[in-house]
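Participant: I am attaching a structure below and will ask some questions about it afterwards.
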Amino acid sequence: MYKIGEFVEMTGLSKETLRYYAEVKLLEPAYIDPVTRYRYYDDGSYFEAVLLAKLRRFGFTIQEMSAVMKDESFAHLEALLEQKRENKRMQIQDLLAQVEEIDEFLASGRE
């Protein structure tokens, strides 16, 4: 079992994030000491935390992360990741189009 401070160092998630994830039932501690109220996490929690950190990095919402954690099938996760990848590609295209538009606007101002 890992205390929350150790778990923070292992996963890169902040204490606030872990508390919030517990509050929304996304990642609950494996054990909470009834006297000290210290939160403890186990190895299973570690793998879930790593997955949640990746999903957050990929832009998943809390609702999407919750859906992934409830539906443990890889097929569901794979479909969501493919959708995220496509959304990111579209965002890149939009940003490149905006850069091109800025370049054209700057060029027209110089003429």
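Going by the structure tokens order, chains are called A, B, ..., each with residues numbered from 1, while ligands are numbered from 1 in the order shown.
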Could you pull the residues within 12 Å of A:Arg85, counting only C-alpha atoms, minus those fewer than 4 positions along the same chain, as a list of chain:residue names?
Facilitator: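 So the residues in contact are A:Leu55, A:Phe58, A:Gly59, A:Phe60, A:Glu78, A:Ala79, A:Leu80, A:Leu81, A:Arg89, A:Met90, A:Gln91, A:Ile92.
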Participant: Which parts of stretch 28-86 of chain A does DSSP call alpha helix (DSSP H) when run on the backbone here, written out as a ChimeraX atom specification?
Facilitator: /A:43-57,62-70,74-86
Participant: Record the distance separating atom CA of A:Asp71 and atom CA of A:Glu86, expressed in Å with one decimal.
Facilitator: 21.6 Å
Participant: DSSP on the backbone, strand (DSSP E or B) only: what residues of stretch 12-59 of chain A does that give? Format it as a VMD selection string.
Facilitator: chain A and resid 31 to 32 39 to 41
Participant: At a cut-off of 12 Å, using only C-alpha atoms, what residues contact A:Thr17? Leave out same-chain residues fewer than 6 positions from it and give the result as a count of residues only.
Facilitator: 15
Participant: By how many Å are atom CA of A:Ile32 and atom CA of A:Met1 apart?
Facilitator: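 Between atom CA of A:Ile32 and atom CA of A:Met1 the gap works out to 10.9 Å.
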Participant: Env of A:Arg39: 8 Å cut, atoms = only C-alpha atoms, seq-sep filter 4 positions within chain, self excluded. Answer as a list in words.
Facilitator: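 Counting only C-alpha atoms, the residues come to Lys3, Ile4, Pro29, Ala30, Tyr31, Ile32 and Asp33 of chain A.
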Participant: Write to file, as a short mmCIF file (atom, residue, chain, number, x, y, z; two decimals), in the first residue's frame, the residues of the selection just made, with N, CA and C atoms.
Facilitator:
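Heads up, here's the output in part-v4.cif:
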```cif
data_model
loop_
_atom_site.label_atom_id
_atom_site.label_comp_id
_atom_site.auth_asym_id
_atom_site.auth_seq_id
_atom_site.Cartn_x
_atom_site.Cartn_y
_atom_site.Cartn_z
N LYS A 3 1.03 5.50 0.58
CA LYS A 3 0.39 6.71 1.07
C LYS A 3 0.21 7.66 -0.12
N ILE A 4 -0.67 8.61 0.03
CA ILE A 4 -0.99 9.51 -1.08
C ILE A 4 0.25 10.24 -1.58
N PRO A 29 -9.28 5.52 -3.34
CA PRO A 29 -8.20 4.85 -2.63
C PRO A 29 -8.59 3.41 -2.31
N ALA A 30 -7.59 2.55 -2.24
CA ALA A 30 -7.85 1.16 -1.89
C ALA A 30 -8.27 1.06 -0.43
N TYR A 31 -7.77 2.00 0.38
CA TYR A 31 -8.09 1.97 1.81
C TYR A 31 -7.96 3.38 2.37
N ILE A 32 -8.87 3.75 3.25
CA ILE A 32 -8.78 5.00 4.00
C ILE A 32 -8.77 4.65 5.47
N ASP A 33 -7.71 5.03 6.16
CA ASP A 33 -7.61 4.73 7.59
C ASP A 33 -8.72 5.47 8.32
#
```
Participant: Suppose you want the space between atom CA of A:Val68 and atom CA of A:Tyr2; what is it in Å?
Facilitator: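 Distance reported for this atom pair: 24.1 Å.
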